[in-house]
Amino acid sequence: MSQYNDLKRQYPPKISADQFRQICHISKRKAKWLLENGIVPCKDSGKKTRRFTIYIDDVIKYLQARESDSDSVITPRGQFTSGPQRRMSISAERLEKHLQKCWEQEPEVLTVPQIHDLTGYSERLIGRWIRSECLPAVGQTPYCWMHKTAVIRFFATAQADPKFYYSDKFMAILERM
């Protein structure tokens, strides 16, 4: 608690977003996200500079919640990091068989929203894969269809690429193997 009293002595009752970021040892991007999404209460002027005003007491509450691993202050996984994430070494053939088993009840032809529901990847990202012809489809996004076998083959081979990002849902699929 004394560390928080030191913060109250060092900083005025109202601080800027930059001071908030320095106190919390976080990036500007994460600070902005926390403030814009109401995780840390603030006054938003809407201006480009000196946009946010934050009470030091709210910063202390955020720090305490973060220390206690409160779900109320958790940010989306991978949102603010570009470092390596946990990778799983699975052969494409093995993953293909696993996905066929997992998705055997799904229709033979899938839409973008259905692939989103199955994998957790955003419809926008799926559309980008289709436009770049990585994921074969018939029609134009968002009104296009993909054969389930092609979708399975795409995910089975794409996951081997070190740049491929695992969504939470896709990671859960991999963990069930």
# chains A, B, ... in the order shown; residues from 1 in each chain; ligands from 1
$ residues_around --residues "range 153-170 of chain A" --least-positions-apart "4" --cutoff "6 Å" --atoms "only C-alpha atoms" --output "JSON, numbers by chain"
{"A": [92, 95, 96, 119, 120]}
$ residues_around --residues "Ser45 in chain A" --least-positions-apart "6" --cutoff "12 Å" --atoms "only C-alpha atoms" --output "ChimeraX atom specification"
/A:16-17,35-36,51-54
$ residues_around --residues "Val73 in chain A" --least-positions-apart "4" --cutoff "7 Å" --atoms "only C-alpha atoms" --output "PDB file with N, CA, C and O atoms, in the first residue's frame"
ATOM      1  N   ILE A  39     -11.865   0.536 -19.212  1.00  0.00           N
ATOM      2  CA  ILE A  39     -11.246  -0.325 -18.204  1.00  0.00           C
ATOM      3  C   ILE A  39     -10.732   0.538 -17.068  1.00  0.00           C
ATOM      4  O   ILE A  39     -10.858   0.196 -15.896  1.00  0.00           O
ATOM      5  N   ALA A  65      -6.183  -4.076  -9.216  1.00  0.00           N
ATOM      6  CA  ALA A  65      -6.932  -5.115  -9.925  1.00  0.00           C
ATOM      7  C   ALA A  65      -5.998  -5.946 -10.794  1.00  0.00           C
ATOM      8  O   ALA A  65      -6.139  -7.170 -10.883  1.00  0.00           O
ATOM      9  N   ARG A  66      -5.040  -5.298 -11.429  1.00  0.00           N
ATOM     10  CA  ARG A  66      -4.078  -6.004 -12.276  1.00  0.00           C
ATOM     11  C   ARG A  66      -3.215  -6.948 -11.444  1.00  0.00           C
ATOM     12  O   ARG A  66      -2.932  -8.067 -11.859  1.00  0.00           O
TER      13      ARG A  66
END
$ residues_around --residues "Pro12 in chain A" --least-positions-apart "4" --cutoff "9 Å" --atoms "only C-alpha atoms" --output "list of chain:residue names"
A:Leu7, A:Lys8, A:Tyr55, A:Ile56
$ write_last_selection --atoms "N, CA and C atoms" --output "short mmCIF file (atom, residue, chain, number, x, y, z; two decimals), in the first residue's frame"
data_model
loop_
_atom_site.label_atom_id
_atom_site.label_comp_id
_atom_site.auth_asym_id
_atom_site.auth_seq_id
_atom_site.Cartn_x
_atom_site.Cartn_y
_atom_site.Cartn_z
N LEU A 7 2.76 7.11 -5.02
CA LEU A 7 2.19 7.62 -6.28
C LEU A 7 1.36 8.86 -6.02
N LYS A 8 0.58 8.84 -4.92
CA LYS A 8 -0.25 10.01 -4.61
C LYS A 8 0.59 11.23 -4.27
N TYR A 55 -7.96 10.23 -12.95
CA TYR A 55 -7.71 10.42 -11.53
C TYR A 55 -6.70 9.39 -11.07
N ILE A 56 -5.75 9.84 -10.24
CA ILE A 56 -4.71 8.95 -9.74
C ILE A 56 -5.32 7.80 -8.93
#
$ select_by_dssp --residues "chain A" --states "strand (DSSP E or B)" --output "list in words"
Lys14, Ile15, Ser16, Lys43, Asp44, Phe52, Thr53, Ile54, Tyr55, Val109, Leu110, Thr111, Val138, Gly139, Gln140, Tyr143, Cys144, Trp145, Met146 and His147 of chain A
$ atom_distance --atom1 "CA of Tyr11 in chain A" --atom2 "CA of Asp44 in chain A"
19.5 Å
$ decode --residues "range 135-151 of chain A" --atoms "all heavy atoms" --output "CSV table (one decimal), in the first residue's frame"
chain,number,residue,atom,x,y,z
A,135,LEU,N,-7.2,-19.2,-49.4
A,135,LEU,CA,-8.3,-20.0,-49.1
A,135,LEU,C,-9.2,-20.1,-50.3
A,135,LEU,O,-9.8,-19.0,-50.6
A,135,LEU,CB,-9.0,-19.5,-47.8
A,135,LEU,CG,-10.2,-20.2,-47.3
A,135,LEU,CD1,-9.8,-21.7,-46.9
A,135,LEU,CD2,-10.8,-19.5,-46.0
A,136,PRO,N,-9.3,-21.2,-51.0
A,136,PRO,CA,-10.2,-21.3,-52.2
A,136,PRO,C,-11.7,-21.1,-51.9
A,136,PRO,O,-12.2,-21.7,-51.0
A,136,PRO,CB,-9.9,-22.6,-52.8
A,136,PRO,CG,-9.2,-23.4,-51.7
A,136,PRO,CD,-8.7,-22.5,-50.7
A,137,ALA,N,-12.3,-20.2,-52.7
A,137,ALA,CA,-13.7,-20.0,-52.5
A,137,ALA,C,-14.4,-19.7,-53.8
A,137,ALA,O,-13.8,-19.4,-54.8
A,137,ALA,CB,-13.9,-18.8,-51.5
A,138,VAL,N,-15.7,-19.9,-53.8
A,138,VAL,CA,-16.6,-19.5,-54.9
A,138,VAL,C,-17.4,-18.3,-54.5
A,138,VAL,O,-18.0,-18.4,-53.5
A,138,VAL,CB,-17.4,-20.7,-55.3
A,138,VAL,CG1,-18.4,-20.3,-56.4
A,138,VAL,CG2,-16.6,-21.9,-55.7
A,139,GLY,N,-17.4,-17.3,-55.4
A,139,GLY,CA,-18.2,-16.1,-55.1
A,139,GLY,C,-17.3,-15.0,-54.5
A,139,GLY,O,-16.1,-15.2,-54.4
A,140,GLN,N,-17.9,-13.9,-54.2
A,140,GLN,CA,-17.2,-12.7,-53.6
A,140,GLN,C,-17.5,-12.6,-52.2
A,140,GLN,O,-18.7,-12.8,-51.8
A,140,GLN,CB,-17.6,-11.4,-54.4
A,140,GLN,CG,-17.1,-11.3,-55.8
A,140,GLN,CD,-15.6,-11.0,-55.8
A,140,GLN,OE1,-14.8,-11.8,-55.2
A,140,GLN,NE2,-15.2,-10.0,-56.4
A,141,THR,N,-16.5,-12.3,-51.4
A,141,THR,CA,-16.7,-12.0,-49.9
A,141,THR,C,-17.7,-10.9,-49.8
A,141,THR,O,-17.7,-10.0,-50.6
A,141,THR,CB,-15.4,-11.7,-49.2
A,141,THR,OG1,-14.8,-10.6,-49.8
A,141,THR,CG2,-14.5,-12.9,-49.1
A,142,PRO,N,-18.6,-10.9,-48.8
A,142,PRO,CA,-18.8,-12.0,-47.8
A,142,PRO,C,-19.8,-13.1,-48.3
A,142,PRO,O,-20.1,-14.0,-47.6
A,142,PRO,CB,-19.5,-11.2,-46.7
A,142,PRO,CG,-20.3,-10.1,-47.4
A,142,PRO,CD,-19.5,-9.7,-48.6
A,143,TYR,N,-20.2,-13.0,-49.6
A,143,TYR,CA,-21.2,-14.0,-50.1
A,143,TYR,C,-20.4,-15.0,-50.9
A,143,TYR,O,-20.5,-15.1,-52.1
A,143,TYR,CB,-22.2,-13.3,-51.0
A,143,TYR,CG,-22.9,-12.2,-50.2
A,143,TYR,CD1,-22.6,-10.8,-50.6
A,143,TYR,CD2,-23.8,-12.4,-49.2
A,143,TYR,CE1,-23.2,-9.8,-49.9
A,143,TYR,CE2,-24.4,-11.4,-48.5
A,143,TYR,CZ,-24.1,-10.1,-48.9
A,143,TYR,OH,-24.7,-9.1,-48.2
A,144,CYS,N,-19.6,-15.8,-50.2
A,144,CYS,CA,-18.9,-16.9,-50.9
A,144,CYS,C,-19.0,-18.2,-50.1
A,144,CYS,O,-19.3,-18.2,-48.9
A,144,CYS,CB,-17.4,-16.4,-51.2
A,144,CYS,SG,-16.6,-16.0,-49.7
A,145,TRP,N,-18.6,-19.2,-50.8
A,145,TRP,CA,-18.7,-20.5,-50.2
A,145,TRP,C,-17.4,-21.3,-50.4
A,145,TRP,O,-16.7,-21.1,-51.4
A,145,TRP,CB,-19.9,-21.3,-50.9
A,145,TRP,CG,-21.2,-20.6,-50.8
A,145,TRP,CD1,-22.1,-20.8,-49.8
A,145,TRP,CD2,-21.7,-19.7,-51.7
A,145,TRP,NE1,-23.1,-19.9,-50.0
A,145,TRP,CE2,-22.9,-19.2,-51.1
A,145,TRP,CE3,-21.2,-19.1,-52.8
A,145,TRP,CZ2,-23.7,-18.3,-51.8
A,145,TRP,CZ3,-22.0,-18.1,-53.5
A,145,TRP,CH2,-23.3,-17.7,-52.9
A,146,MET,N,-17.1,-22.1,-49.4
A,146,MET,CA,-15.9,-22.9,-49.4
A,146,MET,C,-16.2,-24.3,-49.1
A,146,MET,O,-17.0,-24.6,-48.2
A,146,MET,CB,-14.8,-22.4,-48.4
A,146,MET,CG,-14.2,-21.1,-48.8
A,146,MET,SD,-14.3,-19.8,-47.6
A,146,MET,CE,-16.0,-19.5,-47.3
A,147,HIS,N,-15.6,-25.2,-49.8
A,147,HIS,CA,-15.8,-26.6,-49.5
A,147,HIS,C,-15.0,-27.0,-48.2
A,147,HIS,O,-13.9,-26.5,-48.0
A,147,HIS,CB,-15.2,-27.5,-50.7
A,147,HIS,CG,-15.7,-28.9,-50.7
A,147,HIS,ND1,-15.1,-29.9,-49.9
A,147,HIS,CD2,-16.8,-29.5,-51.3
A,147,HIS,CE1,-15.8,-31.0,-50.0
A,147,HIS,NE2,-16.8,-30.8,-50.9
A,148,LYS,N,-15.7,-27.7,-47.4
A,148,LYS,CA,-15.1,-28.0,-46.1
A,148,LYS,C,-13.7,-28.7,-46.2
A,148,LYS,O,-12.9,-28.3,-45.4
A,148,LYS,CB,-16.1,-29.0,-45.3
A,148,LYS,CG,-15.6,-29.3,-43.9
A,148,LYS,CD,-16.7,-30.0,-43.1
A,148,LYS,CE,-17.1,-31.3,-43.7
A,148,LYS,NZ,-18.0,-32.1,-42.8
A,149,THR,N,-13.5,-29.5,-47.2
A,149,THR,CA,-12.2,-30.2,-47.3
A,149,THR,C,-11.1,-29.1,-47.6
A,149,THR,O,-10.0,-29.2,-47.1
A,149,THR,CB,-12.3,-31.2,-48.5
A,149,THR,OG1,-13.4,-32.1,-48.3
A,149,THR,CG2,-11.0,-32.0,-48.6
A,150,ALA,N,-11.4,-28.1,-48.4
A,150,ALA,CA,-10.5,-27.1,-48.7
A,150,ALA,C,-10.2,-26.2,-47.5
A,150,ALA,O,-9.0,-25.9,-47.3
A,150,ALA,CB,-11.0,-26.2,-49.8
A,151,VAL,N,-11.2,-26.0,-46.7
A,151,VAL,CA,-11.0,-25.2,-45.4
A,151,VAL,C,-10.1,-26.0,-44.5
A,151,VAL,O,-9.2,-25.4,-43.9
A,151,VAL,CB,-12.4,-24.9,-44.8
A,151,VAL,CG1,-12.2,-24.2,-43.4
A,151,VAL,CG2,-13.2,-24.0,-45.7
